[in-house]
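Structure below is start05.txt: compact mmCIF, N, CA and C atoms.
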# COMPACT_ATOMS: atom_id res chain seq x y z
N PRO A 169 247.18 157.12 31.71
CA PRO A 169 245.75 157.13 31.38
C PRO A 169 244.96 156.24 32.33
N ALA A 170 243.71 156.53 32.44
CA ALA A 170 242.81 155.70 33.24
C ALA A 170 242.57 154.39 32.50
N VAL A 171 242.59 153.30 33.25
CA VAL A 171 242.44 151.98 32.65
C VAL A 171 241.24 151.28 33.27
N ARG A 172 240.42 150.70 32.43
CA ARG A 172 239.30 149.85 32.86
C ARG A 172 239.65 148.44 32.44
N ALA A 173 239.57 147.51 33.36
CA ALA A 173 239.95 146.13 33.05
C ALA A 173 238.80 145.18 33.35
N LEU A 174 238.66 144.20 32.50
CA LEU A 174 237.72 143.12 32.73
C LEU A 174 238.32 142.24 33.82
N GLY A 175 237.56 141.90 34.84
CA GLY A 175 238.09 141.13 35.96
C GLY A 175 238.45 139.70 35.61
N ALA A 176 237.54 138.97 35.02
CA ALA A 176 237.78 137.56 34.72
C ALA A 176 238.49 137.41 33.37
N GLU A 177 239.14 136.28 33.18
CA GLU A 177 239.76 135.98 31.89
C GLU A 177 238.67 135.51 30.93
N PRO A 178 238.42 136.25 29.84
CA PRO A 178 237.33 135.88 28.96
C PRO A 178 237.64 134.73 28.00
N HIS A 179 238.89 134.48 27.74
CA HIS A 179 239.31 133.40 26.82
C HIS A 179 238.61 133.51 25.47
N PHE A 180 238.35 134.72 25.02
CA PHE A 180 237.66 134.90 23.75
C PHE A 180 238.49 134.42 22.57
N PHE A 181 239.74 134.85 22.48
CA PHE A 181 240.55 134.56 21.30
C PHE A 181 241.10 133.14 21.26
N ASP A 182 240.88 132.38 22.33
CA ASP A 182 241.31 130.98 22.30
C ASP A 182 240.13 130.01 22.40
N ARG A 183 239.19 130.22 23.29
CA ARG A 183 238.11 129.25 23.50
C ARG A 183 236.75 129.67 22.98
N HIS A 184 236.46 130.98 23.00
CA HIS A 184 235.10 131.44 22.70
C HIS A 184 235.00 132.29 21.44
N TYR A 185 235.95 132.16 20.55
CA TYR A 185 235.98 133.00 19.35
C TYR A 185 234.72 132.82 18.50
N GLY A 186 234.19 131.63 18.49
CA GLY A 186 232.99 131.35 17.70
C GLY A 186 231.75 132.10 18.17
N LYS A 187 231.80 132.67 19.36
CA LYS A 187 230.65 133.43 19.87
C LYS A 187 230.55 134.81 19.23
N GLY A 188 231.60 135.22 18.57
CA GLY A 188 231.57 136.49 17.84
C GLY A 188 232.09 137.67 18.62
N LEU A 189 232.53 138.66 17.86
CA LEU A 189 233.14 139.86 18.43
C LEU A 189 232.15 140.66 19.29
N GLN A 190 230.88 140.67 18.93
CA GLN A 190 229.91 141.42 19.74
C GLN A 190 229.78 140.81 21.14
N TRP A 191 229.82 139.49 21.22
CA TRP A 191 229.79 138.81 22.53
C TRP A 191 230.96 139.29 23.38
N TYR A 192 232.14 139.34 22.76
CA TYR A 192 233.35 139.78 23.46
C TYR A 192 233.22 141.23 23.91
N ARG A 193 232.79 142.08 23.01
CA ARG A 193 232.65 143.51 23.34
C ARG A 193 231.65 143.73 24.48
N ASN A 194 230.60 142.92 24.50
CA ASN A 194 229.61 143.05 25.57
C ASN A 194 230.16 142.70 26.94
N LEU A 195 231.25 141.94 26.99
CA LEU A 195 231.89 141.60 28.26
C LEU A 195 232.67 142.77 28.85
N MET A 196 233.13 143.65 27.99
CA MET A 196 234.04 144.72 28.40
C MET A 196 233.34 145.76 29.26
N PRO A 197 234.07 146.31 30.23
CA PRO A 197 233.49 147.39 31.04
C PRO A 197 233.32 148.65 30.20
N LYS A 198 232.35 149.45 30.54
CA LYS A 198 232.13 150.72 29.84
C LYS A 198 233.29 151.66 30.16
N ALA A 199 233.64 152.48 29.19
CA ALA A 199 234.76 153.40 29.37
C ALA A 199 234.35 154.82 29.00
N LEU A 200 234.95 155.76 29.67
CA LEU A 200 234.76 157.17 29.34
C LEU A 200 235.80 157.59 28.32
N ASP A 201 235.61 158.75 27.72
CA ASP A 201 236.62 159.27 26.79
C ASP A 201 237.97 159.34 27.49
N GLY A 202 238.99 158.88 26.82
CA GLY A 202 240.34 158.91 27.37
C GLY A 202 240.71 157.69 28.19
N GLN A 203 239.75 156.82 28.47
CA GLN A 203 240.06 155.61 29.22
C GLN A 203 240.45 154.48 28.25
N ILE A 204 241.29 153.61 28.73
CA ILE A 204 241.72 152.43 27.98
C ILE A 204 241.03 151.22 28.60
N VAL A 205 240.53 150.35 27.75
CA VAL A 205 239.92 149.12 28.22
C VAL A 205 240.85 147.97 27.89
N MET A 206 241.02 147.08 28.87
CA MET A 206 241.92 145.94 28.64
C MET A 206 241.34 144.68 29.26
N GLU A 207 241.90 143.57 28.81
CA GLU A 207 241.59 142.27 29.41
C GLU A 207 242.86 141.47 29.44
N LYS A 208 242.84 140.41 30.23
CA LYS A 208 244.02 139.56 30.31
C LYS A 208 243.59 138.09 30.25
N THR A 209 244.24 137.37 29.37
CA THR A 209 244.08 135.93 29.30
C THR A 209 245.45 135.37 28.94
N PRO A 210 246.20 134.89 29.92
CA PRO A 210 247.56 134.43 29.66
C PRO A 210 247.68 133.37 28.56
N ARG A 211 246.66 132.56 28.40
CA ARG A 211 246.73 131.47 27.42
C ARG A 211 246.83 131.98 25.98
N TYR A 212 246.44 133.23 25.73
CA TYR A 212 246.54 133.77 24.37
C TYR A 212 247.97 133.67 23.84
N PHE A 213 248.95 133.92 24.70
CA PHE A 213 250.33 133.96 24.24
C PHE A 213 250.77 132.65 23.61
N VAL A 214 250.21 131.54 24.04
CA VAL A 214 250.64 130.23 23.51
C VAL A 214 249.60 129.61 22.58
N THR A 215 248.54 130.35 22.27
CA THR A 215 247.51 129.85 21.37
C THR A 215 247.84 130.32 19.96
N ALA A 216 248.07 129.38 19.05
CA ALA A 216 248.54 129.70 17.70
C ALA A 216 247.62 130.67 16.96
N GLU A 217 246.31 130.55 17.15
CA GLU A 217 245.36 131.38 16.41
C GLU A 217 245.18 132.77 17.00
N ALA A 218 245.53 132.96 18.25
CA ALA A 218 245.24 134.22 18.94
C ALA A 218 245.83 135.46 18.26
N PRO A 219 247.10 135.47 17.86
CA PRO A 219 247.62 136.71 17.27
C PRO A 219 246.86 137.14 16.02
N GLY A 220 246.55 136.21 15.15
CA GLY A 220 245.82 136.56 13.93
C GLY A 220 244.42 137.06 14.23
N ARG A 221 243.77 136.45 15.20
CA ARG A 221 242.42 136.86 15.57
C ARG A 221 242.42 138.26 16.19
N ILE A 222 243.39 138.51 17.04
CA ILE A 222 243.48 139.83 17.68
C ILE A 222 243.82 140.88 16.62
N HIS A 223 244.73 140.56 15.73
CA HIS A 223 245.10 141.48 14.66
C HIS A 223 243.91 141.79 13.76
N ALA A 224 243.09 140.77 13.48
CA ALA A 224 241.90 140.98 12.64
C ALA A 224 240.93 141.94 13.33
N MET A 225 240.88 141.92 14.66
CA MET A 225 240.02 142.83 15.41
C MET A 225 240.59 144.24 15.38
N SER A 226 241.90 144.34 15.64
CA SER A 226 242.55 145.66 15.66
C SER A 226 244.06 145.49 15.49
N LYS A 227 244.55 145.92 14.36
CA LYS A 227 245.99 145.81 14.10
C LYS A 227 246.81 146.77 14.97
N ASP A 228 246.14 147.72 15.62
CA ASP A 228 246.84 148.69 16.47
C ASP A 228 246.85 148.31 17.94
N THR A 229 246.38 147.12 18.27
CA THR A 229 246.33 146.67 19.66
C THR A 229 247.71 146.72 20.29
N LYS A 230 247.75 147.22 21.51
CA LYS A 230 248.99 147.22 22.30
C LYS A 230 248.93 146.00 23.21
N LEU A 231 250.02 145.30 23.32
CA LEU A 231 250.07 144.04 24.06
C LEU A 231 251.01 144.14 25.25
N ILE A 232 250.57 143.62 26.37
CA ILE A 232 251.42 143.49 27.55
C ILE A 232 251.68 142.00 27.72
N VAL A 233 252.94 141.62 27.68
CA VAL A 233 253.32 140.21 27.80
C VAL A 233 254.04 140.03 29.14
N VAL A 234 253.44 139.23 30.00
CA VAL A 234 254.03 138.98 31.31
C VAL A 234 254.75 137.64 31.26
N VAL A 235 256.04 137.67 31.55
CA VAL A 235 256.84 136.45 31.55
C VAL A 235 257.52 136.30 32.90
N ARG A 236 257.93 135.08 33.17
CA ARG A 236 258.71 134.83 34.38
C ARG A 236 259.76 133.78 34.04
N ASP A 237 260.69 133.57 34.94
CA ASP A 237 261.72 132.58 34.71
C ASP A 237 261.04 131.27 34.29
N PRO A 238 261.42 130.71 33.13
CA PRO A 238 260.73 129.51 32.62
C PRO A 238 260.80 128.31 33.56
N VAL A 239 261.89 128.16 34.30
CA VAL A 239 262.00 127.03 35.22
C VAL A 239 261.04 127.22 36.40
N THR A 240 261.04 128.42 36.96
CA THR A 240 260.13 128.72 38.06
C THR A 240 258.68 128.54 37.60
N ARG A 241 258.40 128.99 36.38
CA ARG A 241 257.05 128.87 35.82
C ARG A 241 256.65 127.41 35.68
N ALA A 242 257.56 126.56 35.18
CA ALA A 242 257.27 125.13 35.00
C ALA A 242 257.02 124.45 36.34
N ILE A 243 257.83 124.78 37.33
CA ILE A 243 257.64 124.19 38.67
C ILE A 243 256.29 124.63 39.25
N SER A 244 255.94 125.88 39.05
CA SER A 244 254.65 126.38 39.53
C SER A 244 253.49 125.64 38.85
N ASP A 245 253.60 125.45 37.54
CA ASP A 245 252.58 124.69 36.81
C ASP A 245 252.46 123.27 37.37
N TYR A 246 253.60 122.65 37.57
CA TYR A 246 253.61 121.27 38.09
C TYR A 246 252.95 121.21 39.47
N THR A 247 253.23 122.19 40.31
CA THR A 247 252.63 122.23 41.64
C THR A 247 251.11 122.31 41.54
N GLN A 248 250.61 123.10 40.60
CA GLN A 248 249.17 123.19 40.40
C GLN A 248 248.60 121.87 39.88
N ILE A 249 249.34 121.22 38.99
CA ILE A 249 248.89 119.94 38.43
C ILE A 249 248.75 118.89 39.53
N ILE A 250 249.78 118.75 40.38
CA ILE A 250 249.72 117.71 41.40
C ILE A 250 248.69 118.01 42.48
N SER A 251 248.35 119.30 42.66
CA SER A 251 247.31 119.62 43.64
C SER A 251 245.94 119.13 43.15
N LYS A 252 245.77 119.02 41.84
CA LYS A 252 244.51 118.57 41.27
C LYS A 252 244.53 117.09 40.89
N ALA A 253 245.71 116.56 40.65
CA ALA A 253 245.84 115.16 40.22
C ALA A 253 247.02 114.50 40.93
N PRO A 254 246.87 114.22 42.22
CA PRO A 254 247.99 113.58 42.93
C PRO A 254 248.28 112.21 42.33
N GLY A 255 249.51 111.79 42.49
CA GLY A 255 249.89 110.47 41.99
C GLY A 255 250.52 110.49 40.61
N ILE A 256 250.67 111.67 40.01
CA ILE A 256 251.35 111.71 38.72
C ILE A 256 252.86 111.61 38.96
N PRO A 257 253.62 111.28 37.92
CA PRO A 257 255.08 111.14 38.10
C PRO A 257 255.72 112.43 38.62
N ASP A 258 256.92 112.30 39.15
CA ASP A 258 257.60 113.48 39.70
C ASP A 258 258.04 114.43 38.58
N PHE A 259 258.38 115.63 38.97
CA PHE A 259 258.72 116.71 38.04
C PHE A 259 259.84 116.30 37.08
N GLU A 260 260.91 115.71 37.62
CA GLU A 260 262.05 115.34 36.79
C GLU A 260 261.68 114.30 35.74
N THR A 261 260.85 113.34 36.11
CA THR A 261 260.43 112.30 35.17
C THR A 261 259.66 112.91 34.01
N LEU A 262 258.81 113.87 34.30
CA LEU A 262 258.02 114.51 33.25
C LEU A 262 258.84 115.51 32.43
N THR A 263 259.83 116.11 33.04
CA THR A 263 260.64 117.13 32.37
C THR A 263 261.62 116.55 31.36
N PHE A 264 262.25 115.44 31.72
CA PHE A 264 263.32 114.90 30.87
C PHE A 264 262.85 113.73 30.02
N LYS A 265 263.19 113.79 28.73
CA LYS A 265 262.98 112.64 27.85
C LYS A 265 264.07 111.61 28.12
N ASN A 266 265.27 112.14 28.40
CA ASN A 266 266.40 111.27 28.68
C ASN A 266 267.25 111.97 29.74
N ARG A 267 267.22 111.44 30.96
CA ARG A 267 267.95 112.09 32.06
C ARG A 267 269.45 111.97 31.89
N THR A 268 269.90 110.93 31.22
CA THR A 268 271.35 110.75 31.02
C THR A 268 271.91 111.84 30.14
N THR A 269 271.21 112.14 29.05
CA THR A 269 271.70 113.17 28.12
C THR A 269 271.21 114.56 28.50
N GLY A 270 270.23 114.63 29.39
CA GLY A 270 269.66 115.91 29.77
C GLY A 270 268.65 116.44 28.77
N ARG A 271 268.19 115.59 27.87
CA ARG A 271 267.22 116.01 26.85
C ARG A 271 265.86 116.29 27.49
N ILE A 272 265.37 117.50 27.28
CA ILE A 272 264.11 117.97 27.86
C ILE A 272 262.94 117.58 26.97
N ASP A 273 261.81 117.30 27.60
CA ASP A 273 260.58 117.04 26.85
C ASP A 273 259.87 118.38 26.64
N ALA A 274 260.18 119.03 25.52
CA ALA A 274 259.62 120.34 25.23
C ALA A 274 258.15 120.28 24.86
N SER A 275 257.60 119.09 24.71
CA SER A 275 256.17 118.99 24.39
C SER A 275 255.31 118.94 25.66
N TRP A 276 255.92 118.71 26.82
CA TRP A 276 255.17 118.69 28.07
C TRP A 276 254.74 120.13 28.36
N SER A 277 253.47 120.36 28.57
CA SER A 277 252.89 121.69 28.67
C SER A 277 253.64 122.65 29.60
N PRO A 278 253.99 122.29 30.84
CA PRO A 278 254.71 123.24 31.69
C PRO A 278 256.06 123.70 31.10
N ILE A 279 256.68 122.87 30.29
CA ILE A 279 257.93 123.28 29.63
C ILE A 279 257.60 124.07 28.36
N TRP A 280 256.70 123.53 27.54
CA TRP A 280 256.34 124.14 26.26
C TRP A 280 255.89 125.59 26.41
N ILE A 281 255.08 125.88 27.43
CA ILE A 281 254.59 127.24 27.63
C ILE A 281 255.76 128.21 27.86
N GLY A 282 256.80 127.76 28.54
CA GLY A 282 257.94 128.62 28.86
C GLY A 282 258.96 128.79 27.75
N ILE A 283 258.72 128.23 26.59
CA ILE A 283 259.63 128.43 25.45
C ILE A 283 259.16 129.70 24.75
N TYR A 284 259.41 130.82 25.39
CA TYR A 284 258.86 132.10 24.98
C TYR A 284 259.23 132.50 23.55
N ALA A 285 260.45 132.22 23.12
CA ALA A 285 260.88 132.62 21.78
C ALA A 285 260.01 131.98 20.70
N GLN A 286 259.65 130.74 20.91
CA GLN A 286 258.80 130.03 19.94
C GLN A 286 257.43 130.71 19.81
N HIS A 287 256.84 131.08 20.91
CA HIS A 287 255.53 131.71 20.88
C HIS A 287 255.62 133.14 20.36
N LEU A 288 256.69 133.82 20.72
CA LEU A 288 256.88 135.20 20.26
C LEU A 288 257.00 135.27 18.74
N GLU A 289 257.64 134.29 18.13
CA GLU A 289 257.75 134.27 16.66
C GLU A 289 256.37 134.34 16.02
N ASN A 290 255.42 133.63 16.58
CA ASN A 290 254.05 133.65 16.06
C ASN A 290 253.45 135.05 16.16
N TRP A 291 253.64 135.71 17.29
CA TRP A 291 253.09 137.05 17.48
C TRP A 291 253.75 138.08 16.56
N LEU A 292 255.04 137.90 16.31
CA LEU A 292 255.76 138.86 15.46
C LEU A 292 255.32 138.80 14.00
N GLN A 293 254.59 137.77 13.62
CA GLN A 293 254.02 137.73 12.27
C GLN A 293 252.88 138.74 12.12
N TYR A 294 252.34 139.20 13.24
CA TYR A 294 251.19 140.11 13.22
C TYR A 294 251.44 141.46 13.86
N PHE A 295 252.29 141.49 14.87
CA PHE A 295 252.52 142.73 15.62
C PHE A 295 254.01 143.01 15.74
N PRO A 296 254.41 144.28 15.54
CA PRO A 296 255.83 144.63 15.74
C PRO A 296 256.15 144.69 17.23
N LEU A 297 257.42 144.55 17.54
CA LEU A 297 257.86 144.64 18.95
C LEU A 297 257.45 145.97 19.58
N SER A 298 257.34 147.01 18.77
CA SER A 298 256.98 148.33 19.31
C SER A 298 255.57 148.35 19.90
N GLN A 299 254.74 147.36 19.58
CA GLN A 299 253.39 147.27 20.15
C GLN A 299 253.32 146.31 21.31
N MET A 300 254.50 145.79 21.74
CA MET A 300 254.54 144.85 22.85
C MET A 300 255.36 145.45 23.99
N HIS A 301 254.86 145.24 25.18
CA HIS A 301 255.58 145.65 26.38
C HIS A 301 255.75 144.41 27.25
N PHE A 302 257.00 144.08 27.55
CA PHE A 302 257.29 142.86 28.32
C PHE A 302 257.50 143.21 29.79
N VAL A 303 256.87 142.43 30.64
CA VAL A 303 256.97 142.63 32.08
C VAL A 303 257.40 141.31 32.69
N SER A 304 258.35 141.38 33.59
CA SER A 304 258.81 140.18 34.26
C SER A 304 258.47 140.27 35.74

Would you write out, as structure tokens, the structure that this file holds?
Amino acid sequence: PAVRALGAEPHFFDRHYGKGLQWYRNLMPKALDGQIVMEKTPRYFVTAEAPGRIHAMSKDTKLIVVVRDPVTRAISDYTQIISKAPGIPDFETLTFKNRTTGRIDASWSPIWIGIYAQHLENWLQYFPLSQMHFVS
């Protein structure tokens, strides 16, 4: 099918939900009969309220979930962080709570985001796997 996509990430279901559904709909590109309209905001996957809000809008929504190797993803996040805030501790210091035991700090955002099973559990409370398509 023909797909129309919003270019920018609207962050409606995580940051701008209070602006209302009409505000969100007004952002969407116009579509012809038979066209699908979509948007992408990666942060929705890790935002606790997003699945319920999306479900309240449309329980039939189809979801595309893009994942990547969690370690590669964490390193990429860290690289972006240090480009904006040089002088922060090194990756290993931030990753491990205890380097001797190998205990990971799962609360550090670059690690926490990559714990896909935890976030998926939240989504499965609202949407069946049959409405999700995973892309790596």

With all atoms listed in the file as the basis for distance, which of A:Met196, A:Ala170, A:Leu288, A:Ile279 is at the shortest distance from A:Ile243?
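Checking each of A:Met196, A:Ala170, A:Leu288, A:Ile279 against A:Ile243, counting all atoms listed in the file, the winner is A:Ile279.
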
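Closest approach to A:Val303 among A:Leu174, A:Val233, A:Met225, A:Met206 is made by A:Val233 (distances from only C-alpha atoms).
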
Using only C-alpha atoms, the shortest atom-to-atom distance to A:Ser298 among A:Ile256, A:Ile249, A:Ile281, A:Leu231 belongs to A:Leu231

With all atoms listed in the file as the atoms that count, which of A:Thr247, A:Gln286, A:Phe295, A:Glu260 lies nearest to A:Gly220?
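Answer, going by the shortest atom-to-atom distance: A:Phe295.
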
Considering only alpha helix (DSSP H) as DSSP defines it on the backbone, what residues of stretch 212-290 of chain A qualify? List them as number ranges by chain.
A: 218-225, 238-252, 259-263, 277-280, 284-290

Residue neighbourhood A:Asp237, 7 Å, all atoms listed in the file, exclusion window fewer than 4 positions, as a PyMOL selection string
chain A and resi 241-242+282+304

Centre and size of axis-aligned box enclosing stretch 272-279 of chain A plus 5 Å each side, as AutoDock Vina command-line options:
--center_x 259.1 --center_y 120.6 --center_z 28.0 --size_x 22.5 --size_y 17.0 --size_z 17.3

If you run DSSP on the backbone here, which positions in chain A get strand (DSSP E or B)? Please write them as a list in words.
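Residues meeting the strand (DSSP E or B) criterion: Val171, Arg172, Ala173, Ile204, Val205, Met206, Leu231, Ile232, Val233, Val234, Phe264, Lys265, Asn266, Arg271, Ile272, Met300, His301, Phe302 and Val303 of chain A.
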
Please measure the separation of atom N of A:Ile283 and atom C of A:Glu217, giving the value in Å to one decimal.
17.2 Å

Please identify all polymer residues within 6 Å of A:Leu262, counting all atoms listed in the file, omitting same-chain residues fewer than 4 positions from it, and present them as a list in words.
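Surrounding residues, per the criterion: Pro257, Asp258 and Asp273 of chain A.
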
Atom CA of A:Lys198 and atom CA of A:Tyr212, how far apart in Å?
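Interatomic distance here is 22.9 Å.
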
Between atom CA of A:Thr215 and atom CA of A:Thr229, what is the spacing in Å?
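Distance reported for this atom pair: 16.9 Å.
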
Show which residues sit within 8 Å of A:Phe181, as a PyMOL selection string. Count all atoms listed in the file, and ignore same-chain residues fewer than 3 positions away.
chain A and resi 178+184-186+211-212+215+217-219+221-222

Find the residue from A:Val205, A:Val235, A:Leu297, A:Leu195 that sits nearest to A:Val171; use only N, CA and C atoms when measuring.
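Using only N, CA and C atoms, A:Val171 sits closest to A:Val205.
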
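You can rank A:Thr261, A:Ser244, A:Ser251, A:Gln299 by their closest distance to A:Pro278 using all atoms listed in the file, and at the top of that list sits A:Ser244.
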